[in-house]
file target_32.cif (mmCIF, C-alpha atoms)
data_structure
#
loop_
_atom_site.label_atom_id
_atom_site.label_comp_id
_atom_site.auth_asym_id
_atom_site.auth_seq_id
_atom_site.Cartn_x
_atom_site.Cartn_y
_atom_site.Cartn_z
CA PRO A 1 182.47 112.95 72.09
CA TRP A 2 185.94 112.13 70.71
CA LEU A 3 186.64 115.86 70.39
CA ASP A 4 185.59 116.45 73.99
CA ASN A 5 187.82 113.59 75.18
CA PHE A 6 190.72 114.95 73.10
CA THR A 7 190.24 118.41 74.58
CA GLU A 8 190.09 117.02 78.14
CA ARG A 9 193.32 115.07 77.55
CA LYS A 10 195.08 118.16 76.23
CA LEU A 11 193.88 120.18 79.21
CA HIS A 12 195.01 117.45 81.61
CA ASN A 13 198.46 117.27 79.97
CA TYR A 14 198.75 121.06 80.07
CA ASN A 15 197.89 121.18 83.78
CA LEU A 16 200.32 118.34 84.46
CA ARG A 17 203.18 120.12 82.64
CA LYS A 18 202.29 123.35 84.43
CA THR A 19 202.43 121.60 87.83
CA ILE A 20 205.80 119.99 87.03
CA ILE A 21 207.27 123.29 85.81
CA MET A 22 206.09 125.10 88.95
CA LYS A 23 207.61 122.43 91.21
CA LEU A 24 210.92 122.61 89.33
CA TYR A 25 210.85 126.40 89.58
CA ARG A 26 210.26 126.29 93.34
CA ALA A 27 213.02 123.70 93.79
CA LEU A 28 215.45 125.77 91.69
CA LEU A 29 214.50 128.92 93.61
CA GLY A 30 215.06 127.14 96.93
CA PHE A 31 218.42 125.86 95.68
CA MET A 32 219.45 129.35 94.58
CA LEU A 33 218.43 130.78 97.95
CA LEU A 34 220.43 128.05 99.70
CA ILE A 35 223.52 128.87 97.64
CA SER A 36 223.07 132.55 98.42
CA TYR A 37 222.66 131.86 102.11
CA CYS A 38 225.76 129.64 102.22
CA ASN A 39 227.92 132.10 100.30
CA PRO A 40 231.03 132.53 102.55
CA THR A 41 231.22 136.20 101.61
CA ILE A 42 227.94 136.95 103.42
CA ALA A 43 227.65 134.15 106.00
CA GLN A 44 229.71 132.39 108.64
CA ASP A 45 231.47 129.11 107.92
CA LEU A 46 229.56 125.90 108.63
CA GLU A 47 230.90 124.33 111.84
CA PHE A 48 228.91 121.08 112.08
CA VAL A 49 225.85 119.20 110.84
CA SER A 50 223.80 116.87 113.07
CA HIS A 51 221.80 114.29 111.13
CA PHE A 52 218.50 112.86 112.42
CA LYS A 53 216.82 110.33 110.14
CA SER A 54 214.02 107.76 110.07
CA ALA A 55 212.31 105.63 107.42
CA ASP A 56 209.16 107.72 107.89
CA ASN A 57 208.63 111.41 108.57
CA ASN A 58 210.62 113.23 111.23
CA ARG A 59 211.08 116.91 112.03
CA ILE A 60 212.54 119.29 114.58
CA GLN A 61 209.72 121.50 115.82
CA GLN A 62 211.61 123.95 118.06
CA PHE A 63 215.04 124.45 119.61
CA SER A 64 216.54 126.56 122.37
CA ILE A 65 220.17 127.51 123.07
CA ASP A 66 221.91 128.02 126.41
CA SER A 67 224.68 130.49 127.23
CA ASP A 68 227.38 127.88 126.44
CA GLY A 69 226.09 127.37 122.88
CA ASN A 70 224.46 123.98 123.53
CA SER A 71 221.23 123.34 121.63
CA TYR A 72 218.10 121.68 123.01
CA LEU A 73 215.80 120.18 120.39
CA LEU A 74 212.15 119.14 120.48
CA GLY A 75 210.97 117.03 117.55
CA GLN A 76 208.69 114.35 116.23
CA TYR A 77 209.37 111.08 114.43
CA LYS A 78 207.69 107.92 113.19
CA GLY A 79 209.16 104.44 112.93
CA THR A 80 212.79 104.30 114.07
CA LEU A 81 214.85 107.44 114.64
CA SER A 82 218.56 107.03 113.85
CA ILE A 83 221.25 109.35 115.16
CA GLY A 84 224.73 108.20 114.27
CA SER A 85 224.92 104.50 115.14
CA GLN A 86 222.05 104.64 117.66
CA ASP A 87 218.46 103.65 116.81
CA TYR A 88 215.38 104.71 118.78
CA PRO A 89 212.20 102.79 117.86
CA SER A 90 208.89 104.58 118.35
CA TYR A 91 206.16 103.46 120.74
CA GLY A 92 203.41 104.18 118.22
CA GLU A 93 202.61 106.94 115.76
CA ASN A 94 204.49 110.25 115.69
CA ASP A 95 206.50 109.98 118.90
CA LEU A 96 208.47 112.86 120.41
CA PHE A 97 212.14 113.35 121.21
CA VAL A 98 214.05 115.85 123.33
CA ALA A 99 217.78 116.05 122.66
CA LYS A 100 220.83 118.05 123.65
CA ILE A 101 223.44 118.86 121.02
CA LEU A 102 226.78 120.15 122.33
CA GLU A 103 228.46 123.22 120.91
CA ASN A 104 230.69 121.01 118.73
CA GLY A 105 227.68 119.18 117.24
CA ASP A 106 227.95 115.96 119.26
CA LEU A 107 224.82 114.40 120.73
CA ASP A 108 225.00 114.64 124.54
CA TRP A 109 221.71 112.93 125.41
CA ILE A 110 218.29 112.16 123.98
CA GLN A 111 214.91 111.23 125.46
CA THR A 112 212.22 109.62 123.30
CA PHE A 113 208.65 109.07 124.43
CA GLY A 114 205.18 108.46 123.09
CA SER A 115 202.06 106.32 123.13
CA LYS A 116 200.09 104.08 120.79
CA LYS A 117 198.61 107.21 119.22
CA GLY A 118 200.29 110.34 117.91
CA GLU A 119 201.93 113.15 119.87
CA VAL A 120 202.46 116.76 118.82
CA PRO A 121 205.54 118.83 119.80
CA VAL A 122 204.68 122.39 120.86
CA ASP A 123 207.77 124.15 122.24
CA ILE A 124 210.98 123.84 124.26
CA ARG A 125 212.52 126.65 126.31
CA PHE A 126 215.85 126.90 128.13
CA ALA A 127 215.17 129.45 130.89
CA PRO A 128 217.75 132.02 132.03
CA SER A 129 217.78 130.19 135.37
CA GLY A 130 219.26 127.13 133.67
CA ARG A 131 216.10 125.00 133.65
CA LEU A 132 214.65 123.24 130.59
CA PHE A 133 210.87 123.20 129.97
CA VAL A 134 208.96 121.27 127.32
CA CYS A 135 205.33 121.42 126.19
CA GLY A 136 203.44 119.04 123.91
CA ALA A 137 200.10 117.43 123.13
CA PHE A 138 199.18 113.74 123.27
CA TRP A 139 196.43 111.12 123.11
CA ASP A 140 195.93 107.93 125.11
CA THR A 141 198.59 107.29 127.78
CA ILE A 142 202.03 108.77 127.18
CA ILE A 143 205.07 107.56 129.14
CA ILE A 144 207.83 110.13 129.65
CA ASP A 145 210.94 108.62 131.22
CA SER A 146 208.76 105.98 133.00
CA GLU A 147 206.24 108.66 134.11
CA PRO A 148 202.75 107.85 132.69
CA LEU A 149 200.27 110.62 131.83
CA TYR A 150 196.71 109.71 130.91
CA SER A 151 194.51 111.41 128.29
CA PRO A 152 190.78 110.47 128.15
CA ASN A 153 190.64 109.54 124.44
CA VAL A 154 191.11 113.11 123.22
CA ARG A 155 194.09 115.40 122.80
CA SER A 156 195.57 116.68 126.06
CA VAL A 157 198.48 119.00 126.83
CA PHE A 158 201.47 118.16 129.00
CA LEU A 159 203.99 120.45 130.69
CA SER A 160 207.35 119.05 131.75
CA GLU A 161 210.85 119.86 132.95
CA PHE A 162 214.01 117.99 131.99
CA ASN A 163 217.44 118.13 133.59
CA PRO A 164 219.62 119.87 130.97
CA VAL A 165 222.74 118.10 132.26
CA ASN A 166 221.67 114.48 131.76
CA GLY A 167 218.18 114.63 130.20
CA ASP A 168 216.37 113.04 133.16
CA LEU A 169 212.74 114.00 133.64
CA VAL A 170 212.24 116.31 136.64
CA TRP A 171 208.43 116.42 136.48
CA ALA A 172 205.58 116.11 133.99
CA LYS A 173 201.89 117.04 134.27
CA ASN A 174 198.75 116.72 132.22
CA ILE A 175 197.11 120.13 132.63
CA ILE A 176 193.59 119.01 131.66
CA THR A 177 191.29 116.73 133.68
CA SER A 178 188.22 116.50 131.45
CA ASP A 179 187.24 115.16 128.02
CA ALA A 180 188.35 118.37 126.33
CA LEU A 181 190.18 118.58 123.03
CA MET A 182 193.14 120.82 123.82
CA LEU A 183 195.05 122.70 121.10
CA PRO A 184 198.11 124.60 122.42
CA THR A 185 199.24 127.64 120.42
CA THR A 186 201.79 129.64 122.48
CA PHE A 187 204.31 128.75 125.20
CA SER A 188 206.72 131.02 127.07
CA ILE A 189 208.65 131.28 130.35
CA GLY A 190 208.33 134.32 132.63
CA THR A 191 209.96 135.54 135.81
CA ASN A 192 210.56 132.95 138.54
CA ASP A 193 210.25 130.36 135.73
CA SER A 194 206.47 130.71 135.61
CA ILE A 195 204.94 129.09 132.52
CA TYR A 196 202.59 130.94 130.15
CA LEU A 197 200.47 128.72 127.90
CA SER A 198 197.58 129.54 125.59
CA GLY A 199 195.48 127.51 123.21
CA SER A 200 191.98 126.42 122.26
CA TYR A 201 189.57 123.79 123.52
CA VAL A 202 186.47 121.91 122.46
CA ILE A 203 184.08 120.37 125.03
CA ASN A 204 184.04 121.63 128.64
CA ALA A 205 187.54 122.12 130.07
CA ILE A 206 188.64 121.78 133.70
CA PHE A 207 191.89 123.37 134.89
CA GLU A 208 192.12 122.08 138.46
CA SER A 209 189.40 124.16 140.21
CA GLU A 210 188.45 126.21 137.11
CA THR A 211 185.74 124.88 134.78
CA PHE A 212 185.04 126.42 131.38
CA THR A 213 181.83 125.70 129.48
CA TRP A 214 182.10 125.10 125.75
CA ASN A 215 179.81 127.28 123.61
CA GLY A 216 179.91 125.08 120.51
CA THR A 217 182.78 126.87 118.76
CA LEU A 218 186.54 126.85 119.24
CA ASN A 219 187.10 128.56 122.60
CA SER A 220 190.45 129.93 123.80
CA TYR A 221 192.30 129.76 127.13
CA ALA A 222 195.33 131.59 128.54
CA ALA A 223 196.87 129.93 131.61
CA VAL A 224 199.75 130.72 133.94
CA PHE A 225 201.50 127.93 135.87
CA ASP A 226 204.24 128.04 138.47
CA ASP A 227 207.66 126.47 137.86
CA LEU A 228 206.35 123.04 138.89
CA GLY A 229 203.34 123.05 136.59
CA ASN A 230 200.74 124.03 139.19
CA LEU A 231 197.97 126.30 137.91
CA ALA A 232 198.22 129.90 139.11
CA LYS A 233 195.64 131.61 136.89
CA VAL A 234 193.60 130.90 133.78
CA GLU A 235 191.48 133.10 131.50
CA ASP A 236 188.66 132.04 129.20
CA LEU A 237 187.97 133.87 125.92
CA ILE A 238 184.83 133.09 123.93
CA ALA A 239 183.50 134.57 120.69
CA LYS A 240 179.74 134.45 120.14
CA ASN A 241 178.90 131.88 117.44
CA ASN A 242 182.50 131.92 116.11
CA ASN A 243 186.06 130.82 116.88
CA THR A 244 188.75 132.67 118.83
CA THR A 245 192.51 132.31 118.40
CA ILE A 246 195.26 133.55 120.75
CA THR A 247 198.45 134.35 118.84
CA SER A 248 200.48 136.05 121.61
CA PHE A 249 200.60 135.45 125.35
CA PHE A 250 203.57 136.49 127.49
CA PRO A 251 204.41 138.31 130.75
CA ALA A 252 204.46 142.12 130.70
CA ASN A 253 205.38 144.21 133.76
CA ASP A 254 203.19 142.98 136.64
CA GLY A 255 200.66 141.29 134.34
CA TYR A 256 200.64 139.73 130.91
CA PHE A 257 199.84 140.53 127.31
CA ILE A 258 197.19 138.63 125.34
CA GLY A 259 196.75 139.15 121.61
CA GLY A 260 194.71 137.31 119.04
CA ARG A 261 191.71 137.44 116.73
CA TYR A 262 188.00 136.72 116.85
CA ILE A 263 184.82 137.07 114.79
CA ASP A 264 181.57 138.62 115.99
CA SER A 265 181.74 139.60 119.70
CA LEU A 266 184.33 138.46 122.25
CA MET A 267 183.51 137.58 125.88
CA PHE A 268 186.37 138.21 128.34
CA ARG A 269 185.91 138.37 132.14
CA ASN A 270 182.17 138.81 131.68
CA ASP A 271 182.78 141.83 129.44
CA THR A 272 181.77 141.91 125.78
CA LEU A 273 184.21 143.37 123.24
CA PHE A 274 182.89 144.33 119.82
#
call {"tool": "encode", "arguments": {"input": "target_32.cif", "output": "structure tokens"}}
result
Amino acid sequence: PWLDNFTERKLHNYNLRKTIIMKLYRALLGFMLLISYCNPTIAQDLEFVSHFKSADNNRIQQFSIDSDGNSYLLGQYKGTLSIGSQDYPSYGENDLFVAKILENGDLDWIQTFGSKKGEVPVDIRFAPSGRLFVCGAFWDTIIIDSEPLYSPNVRSVFLSEFNPVNGDLVWAKNIITSDALMLPTTFSIGTNDSIYLSGSYVINAIFESETFTWNGTLNSYAAVFDDLGNLAKVEDLIAKNNNTTITSFFPANDGYFIGGRYIDSLMFRNDTLF
């Protein structure tokens, strides 16, 4: 038994050293890549750095840039988010923030919002028309700039528009009205500022007048909304006995392009694809 214990200890120590060496290697490789990227002979000079920090986790999920070089950020944070001398306490777990950073790196405005439960940032898009659209997922009741949106104890998806000049909320909508678990995957803006959103759902889903029946797996949806978040069209994609995933959904000519993957057979508009 003592030999077995000795062998196990040696194997444990070996695996531990191997793990530490691999982590150091990855860190060194990342540092070398960073030095290479920042080499002034192959890259532009650094103009500014904007620092977002909190005691817990925080991240910038997506950003979009307007024609004047201003950046619009969508991110997530927990605890208190600090930007410069300003602190923004969270409402609950994993709140969201939308911020505008000027071309010189200064913070122009920021909106923070959340609920008692966690929110998930999906995407932010500055449209060619000059409008700013944001998409995310939430639980419970989320309050965006004093506008409450209710989710029936499962994850729901919201669409919203913010004024890019001052950050005020223009409108916000919860696009689901049933006890469906919504998982957004793609978000894009088309002509006339129409909104293209795809994702997956569990449990029956109701998009205004359209009702989709869950088949026991992870079903997919592809929906088009007008520039105020009203539903224009929605498609349902179901794979027999397996999951479906939409990876691409965007306008193309007079229609739209849908791409993704599935296992077994796929049901689309009452047609079966093999």
call {"tool": "axis_aligned_box", "arguments": {"input": "target_32.cif", "around": "segment 247-260 of chain A", "padding_each_side": "3 Å", "output": "JSON"}}
result
{"center_x": 200.0, "center_y": 139.3, "center_z": 127.7, "size_x": 16.7, "size_y": 15.9, "size_z": 23.8}
call {"tool": "closest_atom_pairs", "arguments": {"input": "target_32.cif", "of": "segment 133-201 of chain A", "to": "segment 85-106 of chain A", "cutoff": "10 Å", "atoms": "only C-alpha atoms", "output": "CSV"}}
result
residue,atom,partner,partner_atom,distance
A:Val134,CA,A:Val98,CA,8.4
A:Gly136,CA,A:Leu96,CA,8.7
A:Ala137,CA,A:Leu96,CA,9.9
A:Phe138,CA,A:Asp95,CA,9.3
A:Ile142,CA,A:Tyr91,CA,9.3
A:Ile143,CA,A:Tyr91,CA,9.4
A:Ile144,CA,A:Leu96,CA,9.7
A:Phe162,CA,A:Val98,CA,8.9
A:Pro164,CA,A:Lys100,CA,7.6
A:Val165,CA,A:Lys100,CA,8.8
A:Asn166,CA,A:Lys100,CA,8.9
A:Gly167,CA,A:Ala99,CA,7.7
call {"tool": "write_last_selection", "arguments": {"input": "target_32.cif", "atoms": "C-alpha atoms", "output": "mmCIF file, in the coordinates of the input"}}
result
data_model
loop_
_atom_site.group_PDB
_atom_site.id
_atom_site.type_symbol
_atom_site.label_atom_id
_atom_site.label_comp_id
_atom_site.auth_asym_id
_atom_site.auth_seq_id
_atom_site.Cartn_x
_atom_site.Cartn_y
_atom_site.Cartn_z
ATOM 1 C CA VAL A 134 208.960 121.270 127.320
ATOM 2 C CA GLY A 136 203.440 119.040 123.910
ATOM 3 C CA ALA A 137 200.100 117.430 123.130
ATOM 4 C CA PHE A 138 199.180 113.740 123.270
ATOM 5 C CA ILE A 142 202.030 108.770 127.180
ATOM 6 C CA ILE A 143 205.070 107.560 129.140
ATOM 7 C CA ILE A 144 207.830 110.130 129.650
ATOM 8 C CA PHE A 162 214.010 117.990 131.990
ATOM 9 C CA PRO A 164 219.620 119.870 130.970
ATOM 10 C CA VAL A 165 222.740 118.100 132.260
ATOM 11 C CA ASN A 166 221.670 114.480 131.760
ATOM 12 C CA GLY A 167 218.180 114.630 130.200
#
call {"tool": "resolve_selection", "arguments": {"input": "target_32.cif", "expression": "the PyMOL selection byres ((chain A and resi 58-60) around 12)", "output": "PyMOL selection string"}}
result
chain A and resi 50-57+61-64+71-83+90+93-99+120-124
call {"tool": "resolve_selection", "arguments": {"input": "target_32.cif", "expression": "the PyMOL selection byres ((chain A and resi 196) around 9)", "output": "PyMOL selection string"}}
result
chain A and resi 186-190+194-195+197-198+222-226+249-251
call {"tool": "atom_distance", "arguments": {"input": "target_32.cif", "atom1": "atom CA of Leu218 of chain A", "atom2": "atom CA of Glu235 of chain A"}}
result
14.6 Å
call {"tool": "atom_distance", "arguments": {"input": "target_32.cif", "atom1": "atom CA of Trp214 of chain A", "atom2": "atom CA of Pro148 of chain A"}}
result
27.8 Å
call {"tool": "atom_distance", "arguments": {"input": "target_32.cif", "atom1": "atom CA of Asp236 of chain A", "atom2": "atom CA of Ser151 of chain A"}}
result
21.5 Å
call {"tool": "residues_near_point", "arguments": {"input": "target_32.cif", "point": "(175.9, 129.4, 123.7)", "cutoff": "12 Å", "atoms": "only C-alpha atoms", "output": "MDAnalysis selection string"}}
result
chainID A and resid 213:219 238:242 267
call {"tool": "closest_residue", "arguments": {"input": "target_32.cif", "among": "A:Tyr201, A:Ile246, A:Asp68, A:Gly84", "to": "Gly130 of chain A", "atoms": "all atoms listed in the file"}}
result
A:Asp68
call {"tool": "resolve_selection", "arguments": {"input": "target_32.cif", "expression": "the PyMOL selection byres ((chain A and resi 169) around 10)", "output": "PDB file with C-alpha atoms, keeping the file's coordinate frame"}}
result
ATOM      1  CA  GLN A 111     214.910 111.230 125.460  1.00  0.00           C
ATOM      2  CA  LEU A 132     214.650 123.240 130.590  1.00  0.00           C
ATOM      3  CA  ILE A 144     207.830 110.130 129.650  1.00  0.00           C
ATOM      4  CA  ASP A 145     210.940 108.620 131.220  1.00  0.00           C
ATOM      5  CA  SER A 146     208.760 105.980 133.000  1.00  0.00           C
ATOM      6  CA  GLU A 147     206.240 108.660 134.110  1.00  0.00           C
ATOM      7  CA  SER A 160     207.350 119.050 131.750  1.00  0.00           C
ATOM      8  CA  GLU A 161     210.850 119.860 132.950  1.00  0.00           C
ATOM      9  CA  PHE A 162     214.010 117.990 131.990  1.00  0.00           C
ATOM     10  CA  ASN A 163     217.440 118.130 133.590  1.00  0.00           C
ATOM     11  CA  PRO A 164     219.620 119.870 130.970  1.00  0.00           C
ATOM     12  CA  ASN A 166     221.670 114.480 131.760  1.00  0.00           C
ATOM     13  CA  GLY A 167     218.180 114.630 130.200  1.00  0.00           C
ATOM     14  CA  ASP A 168     216.370 113.040 133.160  1.00  0.00           C
ATOM     15  CA  VAL A 170     212.240 116.310 136.640  1.00  0.00           C
ATOM     16  CA  TRP A 171     208.430 116.420 136.480  1.00  0.00           C
ATOM     17  CA  ALA A 172     205.580 116.110 133.990  1.00  0.00           C
TER      18      ALA A 172
END
call {"tool": "closest_residue", "arguments": {"input": "target_32.cif", "among": "A:Ile206, A:Leu237, A:Ala252, A:Ile263", "to": "Tyr221 of chain A", "atoms": "all atoms listed in the file"}}
result
A:Leu237
call {"tool": "closest_residue", "arguments": {"input": "target_32.cif", "among": "A:Ser156, A:Asn192, A:Thr141, A:Thr185", "to": "Asp227 of chain A", "atoms": "all atoms listed in the file"}}
result
A:Asn192
call {"tool": "closest_residue", "arguments": {"input": "target_32.cif", "among": "A:Gly229, A:Gly199, A:Ser220, A:Val157", "to": "Tyr262 of chain A", "atoms": "all atoms listed in the file"}}
result
A:Ser220
